[in-house]
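> Following this message is one structure expressed as structure tokens.
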Amino acid sequence: MIKVISRLSFYISVLYTLFPISAQAQDQAKTLVTEKMCYACHQQASASIGPPWQAIAARHGARKQVMTDVLAGKIIRGGGGSWGLIPMVPNQRVSEEEARILATWILAQTP
Amino acid sequence: MNIIKRTTQAALLGTLASAMAVVQAGNLEGQVLDTNGNPLGGVQVIYTRDDGARGASVVTVFSDRDGSFHFPDDYAERLNSDSDVVARGLGFVQVDRIVDADRRSADMTFVMQAVANQVDVAPASAWLQRIQDPKIKADFIMNCIDCHQVPDSNVRHFAGAIDDLHADNPLLARQQSWDSIVKYMNFLSAWEFSRGARSDDAEIDTDAVYSVENGEEVVKVLSEVFNDRLDHIEGYDWGAPLITTADTAIWEYEVPEPNAIREAVMLGNPAKLLAADVGANRIVGIDVKTGRQRDYEVPTDYLIGPHSLHRGNDGALWVTPLFNNTVARREPDSGQWQTWELLTTEGGGVGIHDLSFSHDHELLTDASGNVWFSDIGNRAVGYFDPESGETRIWNTPVAESRANDSALYGTASVYGLVMTSDQKEVWYSQLGNGVFGGFNVETKEFIGPFVLPDPNTGPRRITISNDDIMYLALYGTGQVAEFDIKKREMIAIHDLPDTGAAPYSVTWDPVREVVWVVTSNADVIYRFNPDTREYGVIPMPREGAFMRMLDIDPATGVLVGSYANIVENVNGPRMALIVDPGDGAYPARFSPATAVAPTISR
């Protein structure tokens, strides 16, 4: 059973990699970006406190499979060192599921 | 019993207890010991109850001098995990909990070990002792602690994240990182204060209300004073004796998110805690017996942002807004609302902060029935006639010594307001420039202004005794000013036991004849006795206990307040709470099971 599930989740992640995110996921992500106040530090194309989403996508978009989870973890727990001297604050009010939706959306924002 | 035998027995009981996964809470009592088996007084025993449990979300009692404690009332539910009931004390960690339970009661023994690092319990204010210069400290408090504690565990965690960067230039890394946090917080506060009145695609104005004005100075303090991981602190004490007894109890009621709980009072029969949500147009009503909550919407088609709450002596609830021109009143029996949208006779707007409090901490009108208010928008005091709606304001005089600084004048917001017992004078505080004064409501003449020593003194809520002594909570400098209104002279300015405490309000207790001082940054309530000039302390059972106004139930003398951390991402508690000091000062004893908050007729 576990094998089946892990295989299934592998196929799903392959699908995510191959196809752009659905319109529904896109809407969900956009709502979350506003609700979770991501705009406090991030913009689409220009640098503010944190890196623009396009820059993150440009750097990591090719490794969606790994980076979705890495980014999701960083959204929740915060982190630092990747984009200069300012650590990212943790966002305890973002669930794992929400963080994955956001991470998937960010990685699709290639310029 | 010798110590070894006792601890061996305790260890054995511990083994038995750990096998007992679920016990009935029932009647909860026990004792707190140190690792030598000696009784330990003044330790909090905190019972965090399941979601949906009947009554308060969290109940806290304190161990007596003999180490014993008991919880008020019985509890119907079962205890599910070791974290349901824990012991907490400054300078101690819980190392063991032994439970001896039957079907109706649980007897618990907690063993506490003394530790040097007080990081788990020391309040945010403890860290501010690093700031040597009182002026810099006051400025820092006035900038940041308007909304939340600093440095709370989020701030300390971020200090660790900066350290983890291992930057070549650590000071530069700290400067850049803290600068980003100040900008981040400005965005969050602008967001929070527009909740309920903002369209989905609205741009956020980060320079809106509550933005940090001296960002550079804040960043300088954070970078230079808080220059480590902020994970170790020693030698803090509460600065005054604990005044808790075996009968002291704290009932905390959590309000589900999202909310921006501001302050709370207790009214009605059965008694309800009524908590203002400044980010929405509602008062949250919490039945103290059952814990059930429901919203009471303020019936305006625009956001007033319920801010300050006042009890009427008829049991009505008076609500002032987040600095706009609407006052609301809720009838005690019918629950009907009446609202007034105030415009002066000249057609000008007003920005209401408080209504005038009496020495009973109730709304007191002048002899004609006019309701007086502090006008934070116009730096004025004024009144409205509840019958006709007629509204007039008078701009406060400029304090000469603070007149040349336009920044100070700009923030000379008229904040707290009290009325003398003869109903002839109102007295006000000005938060931003350290000034206060009076106004004769008959002659329409100002008295003063009186200038406090530091412009960042930050007088917030004020209170008045039966003898017209006024007390001012000095937020920035961590003091209480004691001013004789009849003689027009300052009696004294008293340092709090911790000057980083950020006292938000003072409340005169007409029965105990003391002043309760509520803090935003020190996780404590102080009791100040004007006769002896001594303080006592009641510690709150959690970090982030950012308190605002405190009310006193006229029947039982319990203290009613709230934790009002602003900005969601601060993750601080948002609760309404009741504190029984356990001093037996009032004849009627409070119990959530039988609580009523009757109207006291005078």
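By convention in this document, the chains of the structure tokens carry letters A, B, ... by their order, each chain's residues are numbered from 1, and ligands are numbered from 1 in the order they are shown.
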Considering only C-alpha atoms, extract the chain B residues located within 12 Å of chain A and return them as a CSV table (one decimal) with N, CA and C atoms, in the first residue's frame.

```csv
chain,number,residue,atom,x,y,z
B,153,SER,N,9.5,36.0,21.8
B,153,SER,CA,10.3,34.8,21.3
B,153,SER,C,10.5,34.9,19.8
B,154,ASN,N,9.5,35.5,19.1
B,154,ASN,CA,9.7,35.7,17.6
B,154,ASN,C,10.9,36.5,17.3
B,155,VAL,N,11.1,37.6,18.1
B,155,VAL,CA,12.2,38.5,17.9
B,155,VAL,C,13.5,37.8,18.2
B,156,ARG,N,13.4,37.1,19.3
B,156,ARG,CA,14.7,36.3,19.8
B,156,ARG,C,15.0,35.2,18.8
B,157,HIS,N,14.0,34.6,18.2
B,157,HIS,CA,14.3,33.6,17.2
B,157,HIS,C,14.9,34.2,16.0
B,158,PHE,N,14.5,35.4,15.6
B,158,PHE,CA,15.0,36.1,14.4
B,158,PHE,C,16.5,36.5,14.7
B,159,ALA,N,16.8,36.9,16.0
B,159,ALA,CA,18.2,37.2,16.3
B,159,ALA,C,19.0,35.9,16.1
B,160,GLY,N,18.5,34.7,16.4
B,160,GLY,CA,19.2,33.5,16.1
B,160,GLY,C,19.4,33.3,14.7
B,161,ALA,N,18.4,33.6,13.9
B,161,ALA,CA,18.5,33.4,12.4
B,161,ALA,C,19.5,34.3,11.8
B,162,ILE,N,19.7,35.5,12.3
B,162,ILE,CA,20.7,36.4,11.8
B,162,ILE,C,22.1,35.9,12.2
B,163,ASP,N,22.2,35.4,13.4
B,163,ASP,CA,23.5,34.8,13.8
B,163,ASP,C,23.8,33.6,12.9
B,164,ASP,N,22.8,32.8,12.5
B,164,ASP,CA,23.1,31.6,11.7
B,164,ASP,C,23.6,32.0,10.3
B,165,LEU,N,23.5,33.2,9.9
B,165,LEU,CA,24.0,33.6,8.6
B,165,LEU,C,25.6,33.6,8.6
B,166,HIS,N,26.2,33.7,9.8
B,166,HIS,CA,27.7,33.7,9.9
B,166,HIS,C,28.2,34.7,8.9
B,167,ALA,N,27.6,35.9,8.9
B,167,ALA,CA,28.0,36.9,7.9
B,167,ALA,C,29.5,37.4,8.2
B,168,ASP,N,30.2,37.9,7.2
B,168,ASP,CA,31.5,38.4,7.4
B,168,ASP,C,31.4,39.7,8.2
B,169,ASN,N,30.4,40.4,8.0
B,169,ASN,CA,30.2,41.7,8.8
B,169,ASN,C,28.9,41.5,9.6
B,170,PRO,N,29.0,41.0,10.8
B,170,PRO,CA,27.8,40.7,11.6
B,170,PRO,C,27.0,41.9,11.8
B,171,LEU,N,27.6,43.1,12.1
B,171,LEU,CA,26.9,44.3,12.4
B,171,LEU,C,26.0,44.7,11.2
B,172,LEU,N,26.6,44.6,10.0
B,172,LEU,CA,25.9,45.0,8.8
B,172,LEU,C,24.7,44.0,8.6
B,173,ALA,N,25.0,42.8,8.8
B,173,ALA,CA,23.9,41.8,8.7
B,173,ALA,C,22.7,42.1,9.6
B,174,ARG,N,23.1,42.4,10.9
B,174,ARG,CA,22.1,42.7,11.8
B,174,ARG,C,21.3,44.0,11.4
B,175,GLN,N,22.1,45.0,11.0
B,175,GLN,CA,21.4,46.3,10.6
B,175,GLN,C,20.4,46.0,9.4
B,176,GLN,N,20.9,45.3,8.4
B,176,GLN,CA,20.0,45.1,7.3
B,176,GLN,C,18.8,44.2,7.7
B,177,SER,N,19.1,43.2,8.5
B,177,SER,CA,18.0,42.3,8.9
B,177,SER,C,16.9,43.0,9.7
B,178,TRP,N,17.4,43.8,10.7
B,178,TRP,CA,16.4,44.5,11.6
B,178,TRP,C,15.7,45.6,10.8
B,179,ASP,N,16.4,46.2,9.9
B,179,ASP,CA,15.7,47.2,9.1
B,179,ASP,C,14.6,46.6,8.3
B,180,SER,N,14.9,45.4,7.8
B,180,SER,CA,13.8,44.7,7.0
B,180,SER,C,12.6,44.3,7.9
B,181,ILE,N,12.9,44.0,9.2
B,181,ILE,CA,11.8,43.7,10.1
B,181,ILE,C,11.0,44.9,10.4
B,182,VAL,N,11.6,46.1,10.5
B,182,VAL,CA,10.8,47.3,10.8
B,182,VAL,C,9.9,47.5,9.6
B,183,LYS,N,10.4,47.4,8.4
B,183,LYS,CA,9.5,47.6,7.2
B,183,LYS,C,8.4,46.5,7.2
B,184,TYR,N,8.8,45.3,7.5
B,184,TYR,CA,7.8,44.2,7.5
B,184,TYR,C,6.7,44.5,8.5
B,185,MET,N,7.1,44.9,9.7
B,185,MET,CA,6.1,45.2,10.7
B,185,MET,C,5.1,46.3,10.3
B,186,ASN,N,5.7,47.4,9.7
B,186,ASN,CA,4.8,48.5,9.2
B,186,ASN,C,3.8,48.0,8.2
B,187,PHE,N,4.2,47.0,7.3
B,187,PHE,CA,3.2,46.5,6.4
B,187,PHE,C,2.1,45.7,7.2
B,188,LEU,N,2.6,44.9,8.1
B,188,LEU,CA,1.6,44.0,8.8
B,188,LEU,C,0.6,44.8,9.6
B,189,SER,N,1.1,45.9,10.2
B,189,SER,CA,0.2,46.7,11.1
B,189,SER,C,-0.8,47.4,10.2
B,190,ALA,N,-0.3,47.9,9.0
B,190,ALA,CA,-1.3,48.6,8.1
B,190,ALA,C,-2.3,47.6,7.6
B,191,TRP,N,-1.9,46.4,7.4
B,191,TRP,CA,-2.8,45.3,7.0
B,191,TRP,C,-3.9,45.0,8.1
B,192,GLU,N,-3.4,44.9,9.3
B,192,GLU,CA,-4.2,44.5,10.4
B,192,GLU,C,-5.3,45.6,10.7
B,195,ARG,N,-8.3,45.5,8.3
B,195,ARG,CA,-9.0,44.3,8.1
B,195,ARG,C,-10.5,44.6,8.4
B,198,ARG,N,-11.3,46.5,3.9
B,198,ARG,CA,-10.4,46.6,2.8
B,198,ARG,C,-10.8,45.6,1.7
B,199,SER,N,-10.8,46.1,0.4
B,199,SER,CA,-11.1,45.2,-0.7
B,199,SER,C,-9.9,44.3,-0.9
B,200,ASP,N,-10.2,43.2,-1.6
B,200,ASP,CA,-9.2,42.2,-1.8
B,200,ASP,C,-7.9,42.7,-2.5
B,201,ASP,N,-8.1,43.6,-3.5
B,201,ASP,CA,-7.0,44.0,-4.3
B,201,ASP,C,-6.5,45.4,-3.8
B,202,ALA,N,-6.8,45.8,-2.6
B,202,ALA,CA,-6.4,47.1,-2.1
B,202,ALA,C,-4.9,47.2,-1.9
B,203,GLU,N,-4.3,48.3,-2.2
B,203,GLU,CA,-2.9,48.5,-1.9
B,203,GLU,C,-2.8,48.8,-0.4
B,204,ILE,N,-1.7,48.3,0.2
B,204,ILE,CA,-1.5,48.5,1.6
B,204,ILE,C,-0.6,49.8,1.8
B,205,ASP,N,-1.1,50.7,2.6
B,205,ASP,CA,-0.3,51.9,2.9
B,205,ASP,C,0.5,51.6,4.1
B,206,THR,N,1.8,51.4,3.8
B,206,THR,CA,2.7,51.0,5.0
B,206,THR,C,3.0,52.2,5.9
B,257,GLU,N,-9.1,32.8,16.0
B,257,GLU,CA,-8.6,33.7,15.0
B,257,GLU,C,-9.5,33.6,13.8
B,258,PRO,N,-9.5,34.6,12.9
B,258,PRO,CA,-8.8,35.9,13.1
B,258,PRO,C,-9.5,36.9,14.0
B,567,VAL,N,-1.2,42.6,15.3
B,567,VAL,CA,-0.5,42.0,14.1
B,567,VAL,C,-0.6,40.5,14.3
B,568,GLU,N,-1.3,39.9,13.4
B,568,GLU,CA,-1.4,38.4,13.4
B,568,GLU,C,-0.1,37.7,13.5
B,569,ASN,N,0.9,38.1,12.7
B,569,ASN,CA,2.1,37.3,12.7
B,569,ASN,C,2.9,37.3,13.9
B,570,VAL,N,2.5,38.2,14.9
B,570,VAL,CA,3.2,38.2,16.2
B,570,VAL,C,2.9,36.9,16.9
B,571,ASN,N,1.8,36.3,16.6
B,571,ASN,CA,1.5,35.0,17.2
B,571,ASN,C,1.3,35.0,18.7
B,572,GLY,N,1.0,36.2,19.2
B,572,GLY,CA,0.7,36.3,20.6
B,572,GLY,C,-0.7,35.9,21.0
```
> Near B:Val414, counting only C-alpha atoms, which residues have an atom at most 9 Å away, once you skip same-chain residues fewer than 6 positions from it, shown as an NGL selection string?
:B and (353 or 374-381 or 396 or 428-432 or 436)
> Provide the atom CA of A:Lys74 to atom CA of A:Ile21 distance in Å, to one decimal place.
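According to the coordinates, atom CA of A:Lys74 and atom CA of A:Ile21 are separated by 20.5 Å.
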> Could you list, as a PyMOL selection string, every residue within 7 Å of B:Met547, counting only C-alpha atoms and ignoring same-chain residues fewer than 3 positions away?
chain B and resi 518-520+561-564
> Those selected residues, please, written with N, CA and C atoms and delivered as a tab-separated table (two decimals), in the first residue's frame.

```
chain	number	residue	atom	x	y	z
B	518	VAL	N	-1.31	47.76	34.74
B	518	VAL	CA	-1.32	46.67	33.76
B	518	VAL	C	-0.20	46.88	32.77
B	519	THR	N	0.57	45.85	32.50
B	519	THR	CA	1.75	46.02	31.65
B	519	THR	C	1.58	45.34	30.30
B	520	SER	N	2.25	45.90	29.31
B	520	SER	CA	2.23	45.30	27.98
B	520	SER	C	3.46	44.44	27.72
B	561	GLY	N	-9.52	41.75	32.06
B	561	GLY	CA	-8.64	42.36	31.05
B	561	GLY	C	-8.52	41.50	29.82
B	562	SER	N	-7.45	41.71	29.08
B	562	SER	CA	-7.27	40.99	27.82
B	562	SER	C	-5.79	40.96	27.45
B	563	TYR	N	-5.46	40.02	26.58
B	563	TYR	CA	-4.16	40.03	25.91
B	563	TYR	C	-4.44	40.53	24.50
B	564	ALA	N	-3.79	41.60	24.12
B	564	ALA	CA	-4.16	42.25	22.87
B	564	ALA	C	-2.93	42.50	22.03
```
> Identify, on the basis of only C-alpha atoms, every residue whose closest approach to stretch 58-69 of chain A does not exceed 6 Å; exclude the query and any residue fewer than 5 positions from it along the same chain; express the result as a count of residues only.
4
> Write out as a ChimeraX atom specification all residues of chain A that DSSP puts in helix (DSSP H, G or I) for this structure's backbone.
/A:2-18,23-35,38-40,53-77,96-107
> Could you find all residues in stretch 291-388 of chain B that DSSP calls strand (DSSP E) from the backbone, and write them as a ChimeraX atom specification?
/B:293-297,309-311,317-319,326-330,337-341,352-355,371-375,380-384
> For the selection just defined, write its residues with C-alpha atoms to a file, as a compact mmCIF listing (two decimals), in the first residue's frame.

```txt
# COMPACT_ATOMS: atom_id res chain seq x y z
CA GLN B 293 -18.91 32.76 22.28
CA ARG B 294 -21.03 34.85 19.98
CA ASP B 295 -20.50 38.09 18.14
CA TYR B 296 -22.37 41.31 18.75
CA GLU B 297 -22.06 43.36 15.59
CA LEU B 309 -14.78 49.78 26.35
CA HIS B 310 -16.52 51.42 29.26
CA ARG B 311 -19.12 50.13 31.70
CA LEU B 317 -21.62 48.81 27.35
CA TRP B 318 -20.10 51.92 25.74
CA VAL B 319 -17.77 51.42 22.81
CA THR B 326 -18.66 56.99 16.08
CA VAL B 327 -19.64 56.05 19.63
CA ALA B 328 -21.83 53.00 20.26
CA ARG B 329 -23.84 51.93 23.29
CA ARG B 330 -25.37 48.51 23.91
CA TRP B 337 -27.47 49.25 20.01
CA GLN B 338 -27.50 52.99 19.73
CA THR B 339 -24.80 54.74 17.73
CA TRP B 340 -23.81 58.38 17.41
CA GLU B 341 -21.83 59.72 14.49
CA ILE B 352 -12.65 59.65 19.62
CA HIS B 353 -10.36 57.69 21.91
CA ASP B 354 -11.84 57.34 25.42
CA LEU B 355 -14.93 58.43 27.30
CA VAL B 371 -20.71 62.37 27.61
CA TRP B 372 -17.13 63.65 27.51
CA PHE B 373 -14.51 62.17 25.25
CA SER B 374 -10.83 62.50 24.43
CA ASP B 375 -10.33 63.50 20.79
CA ALA B 380 -8.96 68.06 21.97
CA VAL B 381 -11.46 67.23 24.66
CA GLY B 382 -15.15 67.43 23.91
CA TYR B 383 -18.62 66.25 24.74
CA PHE B 384 -21.73 65.05 23.03
```
> Find the residues near A:Trp105: any atom within 12 Å, counting only C-alpha atoms, skip ones fewer than 3 places away on the same chain, and give them as number ranges by chain.
A: 16-17, 20-33, 44, 53-54, 56-57, 61, 64, 67-68, 71-72, 98-102, 108-110
> Those selected residues, please, written with N, CA and C atoms and delivered as an mmCIF file, in the first residue's frame.

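The new file part-v5.cif reads:
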```
data_model
loop_
_atom_site.group_PDB
_atom_site.id
_atom_site.type_symbol
_atom_site.label_atom_id
_atom_site.label_comp_id
_atom_site.auth_asym_id
_atom_site.auth_seq_id
_atom_site.Cartn_x
_atom_site.Cartn_y
_atom_site.Cartn_z
ATOM 1 N N TYR A 16 3.125 17.489 -12.097
ATOM 2 C CA TYR A 16 3.313 18.894 -11.716
ATOM 3 C C TYR A 16 4.476 19.514 -12.480
ATOM 4 N N THR A 17 5.531 18.692 -12.630
ATOM 5 C CA THR A 17 6.717 19.195 -13.299
ATOM 6 C C THR A 17 6.467 19.435 -14.780
ATOM 7 N N PRO A 20 2.009 23.069 -16.510
ATOM 8 C CA PRO A 20 1.853 24.262 -15.690
ATOM 9 C C PRO A 20 0.727 24.069 -14.689
ATOM 10 N N ILE A 21 0.765 24.828 -13.589
ATOM 11 C CA ILE A 21 -0.237 24.607 -12.550
ATOM 12 C C ILE A 21 -1.619 25.011 -13.047
ATOM 13 N N SER A 22 -2.612 24.309 -12.530
ATOM 14 C CA SER A 22 -3.980 24.505 -13.011
ATOM 15 C C SER A 22 -4.472 25.901 -12.660
ATOM 16 N N ALA A 23 -5.525 26.302 -13.358
ATOM 17 C CA ALA A 23 -6.096 27.630 -13.109
ATOM 18 C C ALA A 23 -6.608 27.723 -11.678
ATOM 19 N N GLN A 24 -7.151 26.596 -11.182
ATOM 20 C CA GLN A 24 -7.690 26.591 -9.825
ATOM 21 C C GLN A 24 -6.561 26.780 -8.803
ATOM 22 N N ALA A 25 -5.464 26.033 -9.010
ATOM 23 C CA ALA A 25 -4.326 26.165 -8.094
ATOM 24 C C ALA A 25 -3.755 27.578 -8.151
ATOM 25 N N GLN A 26 -3.798 28.132 -9.362
ATOM 26 C CA GLN A 26 -3.298 29.493 -9.564
ATOM 27 C C GLN A 26 -4.117 30.503 -8.731
ATOM 28 N N ASP A 27 -5.439 30.328 -8.787
ATOM 29 C CA ASP A 27 -6.330 31.202 -8.010
ATOM 30 C C ASP A 27 -6.096 31.046 -6.517
ATOM 31 N N GLN A 28 -5.983 29.762 -6.106
ATOM 32 C CA GLN A 28 -5.740 29.475 -4.684
ATOM 33 C C GLN A 28 -4.457 30.165 -4.219
ATOM 34 N N ALA A 29 -3.432 30.031 -5.050
ATOM 35 C CA ALA A 29 -2.136 30.605 -4.690
ATOM 36 C C ALA A 29 -2.217 32.118 -4.585
ATOM 37 N N LYS A 30 -2.918 32.720 -5.546
ATOM 38 C CA LYS A 30 -3.006 34.184 -5.538
ATOM 39 C C LYS A 30 -3.730 34.687 -4.290
ATOM 40 N N THR A 31 -4.778 33.954 -3.900
ATOM 41 C CA THR A 31 -5.491 34.322 -2.666
ATOM 42 C C THR A 31 -4.559 34.192 -1.467
ATOM 43 N N LEU A 32 -3.800 33.095 -1.449
ATOM 44 C CA LEU A 32 -2.895 32.869 -0.317
ATOM 45 C C LEU A 32 -1.805 33.937 -0.245
ATOM 46 N N VAL A 33 -1.290 34.322 -1.402
ATOM 47 C CA VAL A 33 -0.239 35.345 -1.439
ATOM 48 C C VAL A 33 -0.718 36.617 -0.741
ATOM 49 N N GLN A 44 6.469 40.565 -7.455
ATOM 50 C CA GLN A 44 6.563 39.677 -8.610
ATOM 51 C C GLN A 44 7.923 39.791 -9.304
ATOM 52 N N TRP A 53 9.616 36.927 -6.839
ATOM 53 C CA TRP A 53 9.240 35.538 -7.146
ATOM 54 C C TRP A 53 9.833 35.087 -8.479
ATOM 55 N N GLN A 54 9.921 36.008 -9.427
ATOM 56 C CA GLN A 54 10.494 35.639 -10.735
ATOM 57 C C GLN A 54 11.941 35.180 -10.584
ATOM 58 N N ILE A 56 13.281 33.785 -7.947
ATOM 59 C CA ILE A 56 13.299 32.459 -7.315
ATOM 60 C C ILE A 56 12.980 31.394 -8.365
ATOM 61 N N ALA A 57 11.973 31.700 -9.205
ATOM 62 C CA ALA A 57 11.587 30.744 -10.249
ATOM 63 C C ALA A 57 12.717 30.554 -11.259
ATOM 64 N N GLY A 61 13.382 27.025 -10.862
ATOM 65 C CA GLY A 61 12.253 26.466 -11.604
ATOM 66 C C GLY A 61 12.561 25.134 -12.266
ATOM 67 N N LYS A 64 11.818 21.775 -9.876
ATOM 68 C CA LYS A 64 10.544 21.880 -9.155
ATOM 69 C C LYS A 64 10.339 20.741 -8.167
ATOM 70 N N MET A 67 12.526 21.407 -5.207
ATOM 71 C CA MET A 67 12.419 22.756 -4.645
ATOM 72 C C MET A 67 11.030 23.083 -4.099
ATOM 73 N N THR A 68 10.003 22.364 -4.569
ATOM 74 C CA THR A 68 8.668 22.634 -4.026
ATOM 75 C C THR A 68 8.680 22.393 -2.522
ATOM 76 N N LEU A 71 11.140 24.920 -0.696
ATOM 77 C CA LEU A 71 10.536 26.261 -0.564
ATOM 78 C C LEU A 71 9.394 26.258 0.444
ATOM 79 N N ALA A 72 8.575 25.199 0.373
ATOM 80 C CA ALA A 72 7.434 25.115 1.307
ATOM 81 C C ALA A 72 7.944 25.137 2.746
ATOM 82 N N GLU A 98 -0.829 24.679 2.337
ATOM 83 C CA GLU A 98 -0.808 26.028 1.768
ATOM 84 C C GLU A 98 0.592 26.395 1.274
ATOM 85 N N ALA A 99 1.593 25.992 2.051
ATOM 86 C CA ALA A 99 2.973 26.308 1.668
ATOM 87 C C ALA A 99 3.342 25.621 0.351
ATOM 88 N N ARG A 100 2.862 24.399 0.167
ATOM 89 C CA ARG A 100 3.145 23.682 -1.089
ATOM 90 C C ARG A 100 2.455 24.367 -2.270
ATOM 91 N N ILE A 101 1.227 24.833 -2.044
ATOM 92 C CA ILE A 101 0.519 25.560 -3.113
ATOM 93 C C ILE A 101 1.311 26.814 -3.487
ATOM 94 N N LEU A 102 1.760 27.530 -2.459
ATOM 95 C CA LEU A 102 2.531 28.757 -2.712
ATOM 96 C C LEU A 102 3.846 28.445 -3.421
ATOM 97 N N ALA A 108 6.526 28.540 -10.702
ATOM 98 C CA ALA A 108 5.980 28.699 -12.063
ATOM 99 C C ALA A 108 6.080 30.142 -12.567
ATOM 100 N N GLN A 109 6.637 31.029 -11.743
ATOM 101 C CA GLN A 109 6.662 32.459 -12.114
ATOM 102 C C GLN A 109 7.891 32.835 -12.937
ATOM 103 N N THR A 110 8.322 31.969 -13.795
ATOM 104 C CA THR A 110 9.492 32.301 -14.616
ATOM 105 C C THR A 110 9.185 33.500 -15.509
#
```
